[in-house]
Amino acid sequence: MASHIKSMTEGKPGKLILTFALPLMAGNVFRQLYTVFSITKRKRGIQNDGVCCFVLS
């Protein structure tokens, strides 16, 4: 099986940075959405102020 290694030292810097950063940003967005849905699903016993502080941190 051949491996595909992308060189980060050759090519347009803007494109290289975006292709590296977009998957990281997408992962962070999905993690935040999971946290929000998890908190709203299990918000029994947690006051609204606590939920807000947790989500914003």
# chains A, B, ... in the order shown; residues from 1 in each chain; ligands from 1

$ residues_around --residues "A:Lys6" --least-positions-apart "3" --cutoff "12 Å" --atoms "only C-alpha atoms" --output "ChimeraX atom specification"
/A:3,9-11,16,19-20
